[in-house]
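Engineer: Got final-v3.tsv for you, TSV, C-alpha atoms:
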```tsv
chain	number	residue	atom	x	y	z
A	1309	MET	CA	35.47	-260.48	133.81
A	1310	LYS	CA	35.69	-257.63	136.30
A	1311	LYS	CA	39.37	-258.48	136.92
A	1312	ILE	CA	40.07	-258.36	133.18
A	1313	MET	CA	38.37	-254.97	132.81
A	1314	LEU	CA	40.31	-253.63	135.81
A	1315	CYS	CA	43.59	-254.81	134.33
A	1316	LEU	CA	42.76	-253.17	130.99
A	1317	ALA	CA	41.91	-249.90	132.77
A	1318	VAL	CA	45.20	-249.97	134.69
A	1319	ILE	CA	47.13	-250.66	131.48
A	1320	GLY	CA	45.33	-247.78	129.74
A	1321	MET	CA	46.14	-245.43	132.57
A	1322	SER	CA	49.80	-246.43	132.51
A	1323	PHE	CA	49.96	-245.65	128.78
A	1324	SER	CA	48.42	-242.20	129.43
A	1325	VAL	CA	50.85	-241.42	132.25
A	1326	ASN	CA	53.92	-242.58	130.34
A	1327	ALA	CA	52.96	-241.14	126.95
A	1328	GLN	CA	55.60	-238.74	125.58
A	1329	ILE	CA	53.78	-237.69	122.41
A	1330	LYS	CA	51.53	-234.68	122.95
A	1331	THR	CA	48.75	-233.88	120.50
A	1332	PRO	CA	46.54	-230.76	120.31
A	1333	GLN	CA	42.94	-230.80	121.47
A	1334	PRO	CA	40.39	-230.92	118.63
A	1335	SER	CA	38.77	-227.74	120.04
A	1336	LEU	CA	41.48	-225.39	121.26
A	1337	PHE	CA	40.96	-223.35	124.43
A	1338	SER	CA	41.07	-219.57	124.26
A	1339	THR	CA	41.04	-216.71	126.79
A	1340	ILE	CA	40.26	-213.10	125.91
A	1341	GLU	CA	40.80	-210.24	128.35
A	1342	GLN	CA	39.23	-206.92	127.46
A	1343	LYS	CA	38.91	-203.61	129.28
A	1344	VAL	CA	35.51	-202.04	128.57
A	1345	GLY	CA	35.41	-198.56	130.06
A	1346	LEU	CA	36.65	-199.25	133.59
A	1347	THR	CA	35.36	-202.84	133.66
A	1348	ASP	CA	37.63	-205.87	133.18
A	1349	VAL	CA	35.93	-208.58	131.12
A	1350	THR	CA	37.41	-212.06	130.67
A	1351	LEU	CA	36.06	-214.67	128.26
A	1352	GLU	CA	37.09	-218.35	128.37
A	1353	TYR	CA	35.91	-220.85	125.76
A	1354	SER	CA	36.90	-223.78	123.55
A	1355	ARG	CA	36.75	-223.36	119.77
A	1356	PRO	CA	35.38	-226.20	117.60
A	1357	ASN	CA	35.97	-226.31	113.82
A	1358	MET	CA	33.50	-226.93	110.99
A	1359	ARG	CA	35.58	-229.76	109.44
A	1360	GLY	CA	33.28	-229.90	106.42
A	1361	ARG	CA	30.15	-230.28	108.53
A	1362	THR	CA	26.91	-228.35	108.34
A	1363	VAL	CA	26.88	-226.46	111.64
A	1364	PHE	CA	23.60	-224.77	112.48
A	1365	GLY	CA	20.48	-226.83	112.04
A	1366	ASP	CA	22.54	-230.04	111.92
A	1367	LEU	CA	25.67	-230.31	114.12
A	1368	ILE	CA	24.07	-227.68	116.38
A	1369	PRO	CA	20.33	-228.38	116.21
A	1370	TYR	CA	17.90	-225.48	116.16
A	1371	GLY	CA	15.83	-224.99	119.30
A	1372	GLN	CA	18.23	-226.78	121.65
A	1373	VAL	CA	20.54	-225.31	124.30
A	1374	TRP	CA	24.16	-225.21	123.15
A	1375	ARG	CA	27.24	-224.62	125.34
A	1376	LEU	CA	28.53	-221.87	122.97
A	1377	GLY	CA	31.71	-223.71	122.18
A	1378	ALA	CA	33.07	-227.11	123.15
A	1379	ASN	CA	34.25	-229.05	126.22
A	1380	GLU	CA	33.74	-227.17	129.51
A	1381	ASN	CA	31.05	-224.47	129.43
A	1382	THR	CA	32.01	-221.06	128.12
A	1383	LYS	CA	32.57	-218.49	130.89
A	1384	ILE	CA	32.46	-214.71	131.02
A	1385	THR	CA	33.65	-212.71	134.04
A	1386	PHE	CA	32.87	-209.07	134.82
A	1387	SER	CA	34.81	-207.05	137.42
A	1388	THR	CA	31.84	-204.70	137.98
A	1389	ASP	CA	28.09	-204.93	137.72
A	1390	VAL	CA	26.92	-204.77	134.08
A	1391	THR	CA	23.60	-204.51	132.27
A	1392	VAL	CA	22.51	-207.11	129.73
A	1393	GLY	CA	19.13	-207.06	128.07
A	1394	GLY	CA	17.88	-204.50	130.57
A	1395	LYS	CA	18.87	-206.66	133.55
A	1396	THR	CA	21.68	-205.97	136.01
A	1397	LEU	CA	24.27	-208.72	136.35
A	1398	LYS	CA	26.35	-208.56	139.52
A	1399	ALA	CA	30.11	-208.63	139.19
A	1400	GLY	CA	31.28	-212.24	138.89
A	1401	THR	CA	31.47	-215.23	136.53
A	1402	TYR	CA	28.65	-216.57	134.37
A	1403	ALA	CA	28.35	-219.53	132.03
A	1404	LEU	CA	27.17	-218.65	128.53
A	1405	TYR	CA	24.65	-220.78	126.64
A	1406	ALA	CA	22.58	-220.21	123.53
A	1407	THR	CA	19.57	-221.68	121.78
A	1408	PRO	CA	20.27	-221.08	118.07
A	1409	ASN	CA	17.45	-220.68	115.56
A	1410	ASP	CA	17.49	-219.67	111.93
A	1411	LYS	CA	16.64	-215.96	112.42
A	1412	SER	CA	17.68	-215.37	116.04
A	1413	TRP	CA	19.42	-216.87	119.05
A	1414	ASP	CA	18.46	-216.82	122.69
A	1415	VAL	CA	21.62	-216.21	124.72
A	1416	PHE	CA	21.66	-217.08	128.44
A	1417	PHE	CA	23.90	-215.81	131.26
A	1418	TYR	CA	23.81	-218.68	133.77
A	1419	THR	CA	24.94	-218.27	137.38
A	1420	ASP	CA	26.29	-221.83	137.74
A	1421	SER	CA	29.53	-221.69	135.76
A	1422	ASN	CA	30.98	-225.08	136.77
A	1423	ASN	CA	29.56	-227.50	134.20
A	1424	TRP	CA	31.11	-229.70	131.57
A	1425	GLY	CA	29.01	-228.59	128.64
A	1426	ASN	CA	25.34	-228.10	129.40
A	1427	PRO	CA	24.09	-228.41	133.00
A	1428	GLU	CA	22.93	-231.91	133.89
A	1429	LYS	CA	19.59	-230.35	134.77
A	1430	TRP	CA	18.70	-226.91	133.46
A	1431	ASP	CA	17.48	-224.56	136.20
A	1432	ASP	CA	15.60	-221.44	135.04
A	1433	SER	CA	16.20	-219.82	138.45
A	1434	LYS	CA	19.91	-219.70	137.57
A	1435	VAL	CA	19.35	-217.66	134.41
A	1436	ALA	CA	20.54	-214.19	135.41
A	1437	ALA	CA	19.74	-212.73	131.98
A	1438	LYS	CA	18.30	-213.90	128.67
A	1439	VAL	CA	18.78	-211.95	125.44
A	1440	SER	CA	17.25	-212.57	122.04
A	1441	ALA	CA	19.74	-211.60	119.33
A	1442	GLU	CA	19.21	-211.45	115.59
A	1443	THR	CA	21.39	-213.57	113.30
A	1444	TYR	CA	23.33	-211.92	110.44
A	1445	PRO	CA	24.55	-213.90	107.41
A	1446	LEU	CA	28.25	-213.67	106.60
A	1447	PRO	CA	29.61	-213.53	103.05
A	1448	MET	CA	32.07	-216.34	103.79
A	1449	ASP	CA	32.41	-219.36	106.06
A	1450	ILE	CA	34.25	-219.05	109.39
A	1451	GLU	CA	35.98	-222.39	109.98
A	1452	THR	CA	36.63	-221.95	113.72
A	1453	PHE	CA	34.00	-220.81	116.22
A	1454	THR	CA	35.05	-217.29	117.19
A	1455	MET	CA	33.95	-214.96	119.98
A	1456	SER	CA	35.01	-211.34	120.23
A	1457	PHE	CA	34.35	-207.98	121.87
A	1458	ASP	CA	33.03	-205.67	119.17
A	1459	ASP	CA	31.84	-202.06	118.92
A	1460	LEU	CA	33.89	-201.06	121.97
A	1461	ARG	CA	32.87	-197.82	123.65
A	1462	SER	CA	33.37	-196.31	127.10
A	1463	GLY	CA	29.90	-197.39	128.19
A	1464	GLY	CA	29.74	-200.90	126.80
A	1465	ALA	CA	30.47	-203.34	123.98
A	1466	THR	CA	28.99	-206.15	121.93
A	1467	LEU	CA	29.84	-209.78	122.62
A	1468	GLY	CA	30.22	-211.16	119.11
A	1469	MET	CA	29.82	-214.82	118.11
A	1470	MET	CA	30.45	-216.17	114.61
A	1471	TRP	CA	30.75	-219.59	113.06
A	1472	ALA	CA	30.03	-221.04	109.65
A	1473	ASN	CA	28.24	-218.16	107.89
A	1474	VAL	CA	26.41	-216.70	110.93
A	1475	TYR	CA	27.18	-213.72	113.19
A	1476	VAL	CA	25.29	-212.92	116.41
A	1477	GLY	CA	25.98	-209.99	118.74
A	1478	VAL	CA	24.83	-209.38	122.33
A	1479	LYS	CA	25.20	-205.86	123.67
A	1480	PHE	CA	26.12	-205.17	127.29
A	1481	ASP	CA	26.57	-201.91	129.19
A	1482	VAL	CA	29.13	-201.10	131.90
A	1483	PRO	CA	28.80	-198.42	134.63
A	1484	THR	CA	31.71	-196.27	133.43
A	1485	ASP	CA	29.96	-192.94	133.91
A	1486	LYS	CA	28.83	-193.89	137.41
A	1487	LEU	CA	32.35	-194.97	138.39
A	1488	VAL	CA	34.02	-191.89	136.91
A	1489	SER	CA	31.46	-189.54	138.47
A	1490	SER	CA	31.98	-191.15	141.87
A	1491	SER	CA	35.76	-190.81	141.50
A	1492	ILE	CA	35.48	-187.16	140.46
A	1493	GLU	CA	33.18	-186.39	143.38
A	1494	LYS	CA	35.56	-188.05	145.86
A	1495	VAL	CA	38.61	-186.20	144.55
A	1496	MET	CA	36.82	-182.86	144.41
A	1497	ASN	CA	35.63	-183.31	147.98
A	1498	GLY	CA	39.21	-183.88	149.10
A	1499	PRO	CA	40.91	-186.81	150.85
A	1500	ASP	CA	38.97	-188.76	153.48
A	1501	ALA	CA	40.22	-189.91	156.89
A	1502	GLY	CA	41.60	-193.15	155.44
A	1503	ASP	CA	43.60	-191.29	152.80
A	1504	TYR	CA	45.19	-188.99	155.38
A	1505	TYR	CA	45.88	-191.91	157.75
A	1506	ASN	CA	47.50	-194.12	155.10
A	1507	ALA	CA	49.65	-191.26	153.81
A	1508	ALA	CA	50.82	-190.35	157.33
A	1509	VAL	CA	51.69	-193.96	158.25
A	1510	TYR	CA	53.55	-194.38	154.96
A	1511	TYR	CA	55.64	-191.29	155.70
A	1512	LEU	CA	56.37	-192.67	159.19
A	1513	GLN	CA	57.43	-196.07	157.86
A	1514	GLU	CA	59.62	-194.57	155.13
A	1515	GLY	CA	61.16	-191.89	157.34
A	1516	LYS	CA	59.92	-189.04	155.19
A	1517	ASP	CA	58.72	-185.53	156.19
A	1518	MET	CA	57.43	-185.97	159.78
A	1519	LYS	CA	55.97	-182.48	159.86
A	1520	LYS	CA	53.73	-183.40	156.93
A	1521	ALA	CA	52.97	-186.81	158.48
A	1522	LYS	CA	51.92	-185.12	161.74
A	1523	GLU	CA	49.64	-182.75	159.82
A	1524	TRP	CA	48.00	-185.63	157.96
A	1525	ILE	CA	47.53	-187.87	161.02
A	1526	ASP	CA	45.91	-184.99	162.91
A	1527	LYS	CA	43.46	-184.49	160.05
A	1528	ALA	CA	42.72	-188.21	159.96
A	1529	MET	CA	42.02	-188.33	163.71
A	1530	ALA	CA	39.87	-185.18	163.55
A	1531	MET	CA	37.74	-186.84	160.85
A	1532	THR	CA	37.42	-190.12	162.82
A	1533	PRO	CA	34.62	-190.05	165.44
A	1534	LYS	CA	36.20	-192.70	167.66
A	1535	PRO	CA	39.83	-193.53	166.76
A	1536	MET	CA	40.91	-197.11	167.42
A	1537	PHE	CA	43.84	-197.96	169.70
A	1538	TYR	CA	46.05	-198.95	166.76
A	1539	GLN	CA	45.34	-195.62	165.04
A	1540	LEU	CA	46.23	-193.72	168.19
A	1541	ARG	CA	49.39	-195.81	168.43
A	1542	GLN	CA	50.52	-194.66	164.99
A	1543	GLN	CA	49.67	-191.06	165.86
A	1544	SER	CA	51.82	-191.24	169.00
A	1545	LEU	CA	54.76	-192.67	167.02
A	1546	ILE	CA	54.48	-189.90	164.44
A	1547	TYR	CA	54.41	-187.27	167.20
A	1548	ALA	CA	57.51	-188.78	168.81
A	1549	LYS	CA	59.34	-188.95	165.48
A	1550	ALA	CA	58.37	-185.33	164.80
A	1551	GLY	CA	59.94	-184.28	168.12
A	1552	ASP	CA	56.71	-183.66	170.04
A	1553	LYS	CA	57.37	-186.03	172.96
A	1554	LYS	CA	54.75	-184.40	175.21
A	1555	GLY	CA	52.05	-184.91	172.58
A	1556	ALA	CA	53.27	-188.45	171.92
A	1557	ILE	CA	52.96	-189.37	175.61
A	1558	GLU	CA	49.45	-187.94	175.84
A	1559	ILE	CA	48.27	-189.88	172.80
A	1560	ALA	CA	50.09	-193.09	173.85
A	1561	LYS	CA	48.20	-193.02	177.14
A	1562	LYS	CA	44.93	-192.87	175.19
A	1563	SER	CA	46.07	-195.77	173.03
A	1564	LEU	CA	47.07	-197.72	176.15
A	1565	ALA	CA	43.67	-197.21	177.76
A	1566	ALA	CA	41.87	-198.17	174.56
A	1567	SER	CA	44.02	-201.28	174.00
A	1568	GLU	CA	43.45	-202.38	177.59
A	1569	ALA	CA	39.70	-201.95	177.09
A	1570	ALA	CA	39.94	-203.99	173.89
A	1571	GLY	CA	41.99	-206.69	175.61
A	1572	ASN	CA	44.83	-206.42	173.11
A	1573	ALA	CA	47.92	-207.45	175.04
A	1574	ASP	CA	50.32	-206.70	172.17
A	1575	TYR	CA	49.32	-203.05	171.98
A	1576	VAL	CA	49.25	-202.75	175.77
A	1577	LYS	CA	52.90	-203.85	175.86
A	1578	MET	CA	53.95	-201.67	172.92
A	1579	ASN	CA	52.37	-198.57	174.46
A	1580	LYS	CA	53.91	-199.26	177.86
A	1581	ASP	CA	57.33	-199.79	176.25
A	1582	SER	CA	57.03	-196.49	174.38
A	1583	LEU	CA	55.84	-194.58	177.46
A	1584	LYS	CA	58.81	-195.96	179.40
A	1585	GLU	CA	61.16	-195.00	176.56
A	1586	TRP	CA	59.73	-191.48	176.53
A	1587	GLY	CA	60.14	-191.13	180.32
A	1588	ALA	CA	56.45	-191.28	181.23
A	1589	MET	CA	56.61	-194.52	183.28
```
Starting from the file, lay out its structure as C-alpha cells.

Structural biologist:
Amino acid sequence: MKKIMLCLAVIGMSFSVNAQIKTPQPSLFSTIEQKVGLTDVTLEYSRPNMRGRTVFGDLIPYGQVWRLGANENTKITFSTDVTVGGKTLKAGTYALYATPNDKSWDVFFYTDSNNWGNPEKWDDSKVAAKVSAETYPLPMDIETFTMSFDDLRSGGATLGMMWANVYVGVKFDVPTDKLVSSSIEKVMNGPDAGDYYNAAVYYLQEGKDMKKAKEWIDKAMAMTPKPMFYQLRQQSLIYAKAGDKKGAIEIAKKSLAASEAAGNADYVKMNKDSLKEWGAM
C-alpha cells in the first residue's frame, strides 16, 4: 500500500513539474508601498473574494483570530519606529491579525511574521500592539478584500480594511517631525567630521579641487579626537596631491606609526611606499 501511495505521489509531482497551463490563484497576492511622511511602509497580503458567501459572522466567524487575508499571513513593514494605539513599534516587519466582531475589531501587530495563516500556537508575548477599531457599514458590497492607506498626512495615516459591507481603520503615527527637526538641527549646526572627511576623500578620488579637499580634511581631523591610521593616510595623500610634500611626509609618518601599532601590514607598506616616493626614506 505504501508503495502504491509513493508511486501516486511521484506521478502527481511529475504532472505539477511538467504542467504548461498556468492558472491564477483564487486569492491574488498584492503589495502596496506607501511613503508616510518620511517613513516607508510596505503592505503584503492575499485578497480573497466573497463569491456569493456571507463573510463576517459566517466565513469569518466573530470572536476568532483571522489572518486578515488569505494564504500566508499579512505583513506590514515600517522603515522607522511608529506609534500604534499608543504603543511604539520598532522599525521592522509585523504580521497583521484581527478578531472581527459585529461592532468592532481587535487588530494585532504580531512580531513573528513567518506563518502560513494563523500561528500554530498564539503567543501573547509576541503581540507588539493591539488596537480596537470600530466597524463602519458600507453602502455597497466590496467583492475583494481590500487594504489601503487612508487619510494620509505628514505625521501618520490610517490602515484601512474593507470587505463585504464593512470598513475598519487603524490609525498609526510616524516620527516625521522628530526626523525633520533632527535634520534641521544637524544642517544648521554645520557639517560634522564625517561629512568633511567624505567630501575630501571624494575630491581626492575624483581629482577635483585639492585646495578645497585639503581644507576639508584638515577640518575633519581637527574635529576627530584620535584620527585612525587610514584617515591619516588619506590626509597625507591629499596633502601630496595639493603640492604640500612636507606636510604629506609628516602626516604619513603618523599614519605609519599608527598602522604599525594596529598591526595593519597593508597600511604599513602603503605608507612606506609613499614615504619612499616622496624622498623621506

Engineer: Taking 6 positions as the minimum chain separation for residues in the same chain, which residues sit within 8 Å of A:Met1529 when counting all atoms listed in the file? Answer as a list of chain:residue names.

Structural biologist: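 With the cut-off at 8 Å, the set is A:Ala1501, A:Tyr1505, A:Pro1535.
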
Engineer: Which residues of stretch 1339-1418 of chain A have any atom within 12 Å of an atom in stretch 1483-1488 of chain A when counting all atoms listed in the file, and what is the closest pair of atoms for each, with the distance in Å to one decimal? Order the rows by chain and rising number and write it as a tab-separated table.

Structural biologist:
```
residue	atom	partner	partner_atom	distance
A:Lys1343	CA	A:Thr1484	CA	11.1
A:Val1344	CA	A:Thr1484	CA	8.4
A:Gly1345	CA	A:Thr1484	CA	5.5
A:Leu1346	CA	A:Thr1484	CA	5.8
A:Thr1347	CA	A:Thr1484	CA	7.5
A:Asp1348	CA	A:Thr1484	CA	11.3
A:Phe1386	CA	A:Pro1483	CA	11.4
A:Ser1387	CA	A:Pro1483	CA	10.9
A:Thr1388	CA	A:Pro1483	CA	7.7
A:Asp1389	CA	A:Pro1483	CA	7.2
A:Val1390	CA	A:Pro1483	CA	6.6
A:Thr1391	CA	A:Pro1483	CA	8.3
A:Val1392	CA	A:Pro1483	CA	11.8
A:Thr1396	CA	A:Pro1483	CA	10.5
A:Leu1397	CA	A:Pro1483	CA	11.4
A:Lys1398	CA	A:Pro1483	CA	11.5
A:Ala1399	CA	A:Pro1483	CA	11.3
```

Engineer: Using only C-alpha atoms, find the one residue out of A:Thr1401, A:Tyr1475, A:Phe1537, A:Thr1454 that sits nearest to A:Ala1573.

Structural biologist: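 Nearest candidate to A:Ala1573 out of A:Thr1401, A:Tyr1475, A:Phe1537, A:Thr1454: A:Phe1537.
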
Engineer: Check the smallest atom-to-atom distance from each of A:Ala1472, A:Leu1564, A:Ala1437, A:Ile1546 to A:Arg1361 using only C-alpha atoms, then report the winner.

Structural biologist: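 Looking only at the distances to A:Arg1361, the closest residue turns out to be A:Ala1472.
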
Engineer: So that I can check the surroundings of A:Pro1445, please list as a compact mmCIF listing (two decimals) with C-alpha atoms, in the coordinates of the input every protein, DNA and RNA residue that reaches within 10 Å of it, counting all atoms listed in the file and ignoring chain neighbours fewer than 4 positions away.

Structural biologist:
```txt
# COMPACT_ATOMS: atom_id res chain seq x y z
CA LYS A 1411 16.64 -215.96 112.42
CA ASP A 1449 32.41 -219.36 106.06
CA MET A 1470 30.45 -216.17 114.61
CA ALA A 1472 30.03 -221.04 109.65
CA ASN A 1473 28.24 -218.16 107.89
CA VAL A 1474 26.41 -216.70 110.93
CA TYR A 1475 27.18 -213.72 113.19
CA VAL A 1476 25.29 -212.92 116.41
```

Engineer: Around all listed atoms of stretch 1454-1466 of chain A, padded 4 Å per side, what centre and edge lengths does the axis-aligned box have in Å to one decimal, as lines of an AutoDock Vina configuration file?

Structural biologist:
```
center_x = 32.0
center_y = -206.8
center_z = 122.7
size_x = 14.1
size_y = 29.0
size_z = 19.0
```

Engineer: Do you have the atom CA of A:Asp1526-atom CA of A:Leu1540 distance handy?

Structural biologist: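 Pair atom CA of A:Asp1526 / atom CA of A:Leu1540 returns 10.2 Å.
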
Engineer: Which neighbours of stretch 1425-1429 of chain A fall inside 6 Å, counting all atoms listed in the file, when residues of the same chain fewer than 3 positions from it are skipped, and could you give them as a list in words?

Structural biologist: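 Once the nearby chain positions are removed, what remains is Arg1375, Asn1379, Glu1380 and Asn1381 of chain A.
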
Engineer: Can you find the residues with an atom no farther than 10 Å from (36.0, -212.5, 130.2), counting all atoms listed in the file, and report them as a VMD selection string?

Structural biologist: chain A and resid 1339 to 1343 1348 to 1353 1382 to 1387 1400 to 1402 1457

Engineer: Once you have the residues from the selection above, write them out as a PDB file, in the frame of the given file, restricted to C-alpha atoms.

Structural biologist:
```
ATOM      1  CA  THR A1339      41.040-216.710 126.790  1.00  0.00           C
ATOM      2  CA  ILE A1340      40.260-213.100 125.910  1.00  0.00           C
ATOM      3  CA  GLU A1341      40.800-210.240 128.350  1.00  0.00           C
ATOM      4  CA  GLN A1342      39.230-206.920 127.460  1.00  0.00           C
ATOM      5  CA  LYS A1343      38.910-203.610 129.280  1.00  0.00           C
ATOM      6  CA  ASP A1348      37.630-205.870 133.180  1.00  0.00           C
ATOM      7  CA  VAL A1349      35.930-208.580 131.120  1.00  0.00           C
ATOM      8  CA  THR A1350      37.410-212.060 130.670  1.00  0.00           C
ATOM      9  CA  LEU A1351      36.060-214.670 128.260  1.00  0.00           C
ATOM     10  CA  GLU A1352      37.090-218.350 128.370  1.00  0.00           C
ATOM     11  CA  TYR A1353      35.910-220.850 125.760  1.00  0.00           C
ATOM     12  CA  THR A1382      32.010-221.060 128.120  1.00  0.00           C
ATOM     13  CA  LYS A1383      32.570-218.490 130.890  1.00  0.00           C
ATOM     14  CA  ILE A1384      32.460-214.710 131.020  1.00  0.00           C
ATOM     15  CA  THR A1385      33.650-212.710 134.040  1.00  0.00           C
ATOM     16  CA  PHE A1386      32.870-209.070 134.820  1.00  0.00           C
ATOM     17  CA  SER A1387      34.810-207.050 137.420  1.00  0.00           C
ATOM     18  CA  GLY A1400      31.280-212.240 138.890  1.00  0.00           C
ATOM     19  CA  THR A1401      31.470-215.230 136.530  1.00  0.00           C
ATOM     20  CA  TYR A1402      28.650-216.570 134.370  1.00  0.00           C
ATOM     21  CA  PHE A1457      34.350-207.980 121.870  1.00  0.00           C
TER      22      PHE A1457
END
```

Engineer: Could you check how far atom CA of A:Tyr1575 sits from atom CA of A:Val1509, in Å to one decimal?

Structural biologist: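 For atom CA of A:Tyr1575 relative to atom CA of A:Val1509, the distance reads 16.6 Å.
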
Engineer: Calculate how many Å separate atom CA of A:Glu1442 from atom CA of A:Met1455, rounding to one decimal.

Structural biologist: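 Computing it gives 15.8 Å between the two atoms.
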
Engineer: Write out as a PDB file with C-alpha atoms, keeping the file's coordinate frame which residues come within 12 Å of A:Lys1479 when counting all atoms listed in the file, dropping same-chain ones fewer than 3 positions away.

Structural biologist:
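Now in part.pdb:
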```pdb
ATOM      1  CA  VAL A1390      26.920-204.770 134.080  1.00  0.00           C
ATOM      2  CA  THR A1391      23.600-204.510 132.270  1.00  0.00           C
ATOM      3  CA  VAL A1392      22.510-207.110 129.730  1.00  0.00           C
ATOM      4  CA  GLY A1393      19.130-207.060 128.070  1.00  0.00           C
ATOM      5  CA  GLY A1394      17.880-204.500 130.570  1.00  0.00           C
ATOM      6  CA  LYS A1395      18.870-206.660 133.550  1.00  0.00           C
ATOM      7  CA  VAL A1415      21.620-216.210 124.720  1.00  0.00           C
ATOM      8  CA  LYS A1438      18.300-213.900 128.670  1.00  0.00           C
ATOM      9  CA  VAL A1439      18.780-211.950 125.440  1.00  0.00           C
ATOM     10  CA  SER A1440      17.250-212.570 122.040  1.00  0.00           C
ATOM     11  CA  ALA A1441      19.740-211.600 119.330  1.00  0.00           C
ATOM     12  CA  GLU A1442      19.210-211.450 115.590  1.00  0.00           C
ATOM     13  CA  SER A1456      35.010-211.340 120.230  1.00  0.00           C
ATOM     14  CA  PHE A1457      34.350-207.980 121.870  1.00  0.00           C
ATOM     15  CA  ASP A1458      33.030-205.670 119.170  1.00  0.00           C
ATOM     16  CA  ASP A1459      31.840-202.060 118.920  1.00  0.00           C
ATOM     17  CA  LEU A1460      33.890-201.060 121.970  1.00  0.00           C
ATOM     18  CA  ARG A1461      32.870-197.820 123.650  1.00  0.00           C
ATOM     19  CA  GLY A1463      29.900-197.390 128.190  1.00  0.00           C
ATOM     20  CA  GLY A1464      29.740-200.900 126.800  1.00  0.00           C
ATOM     21  CA  ALA A1465      30.470-203.340 123.980  1.00  0.00           C
ATOM     22  CA  THR A1466      28.990-206.150 121.930  1.00  0.00           C
ATOM     23  CA  LEU A1467      29.840-209.780 122.620  1.00  0.00           C
ATOM     24  CA  GLY A1468      30.220-211.160 119.110  1.00  0.00           C
ATOM     25  CA  MET A1469      29.820-214.820 118.110  1.00  0.00           C
ATOM     26  CA  VAL A1476      25.290-212.920 116.410  1.00  0.00           C
ATOM     27  CA  VAL A1482      29.130-201.100 131.900  1.00  0.00           C
TER      28      VAL A1482
END
```

Engineer: Kindly indicate which residue among A:Ala1507, A:Ala1588, A:Ala1569, A:Leu1545 lies nearest to A:Lys1527, using all atoms listed in the file for the distances.

Structural biologist: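 For A:Lys1527, the nearest of the given residues is A:Ala1507.
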
Engineer: For A:Trp1471, list every protein, DNA or RNA residue within 12 Å, evaluated using all atoms listed in the file, and leave out those in the same chain fewer than 4 positions away; present the list as number ranges by chain.

Structural biologist: A: 1355-1359, 1361-1364, 1367-1368, 1376-1377, 1408, 1443-1456, 1475-1476
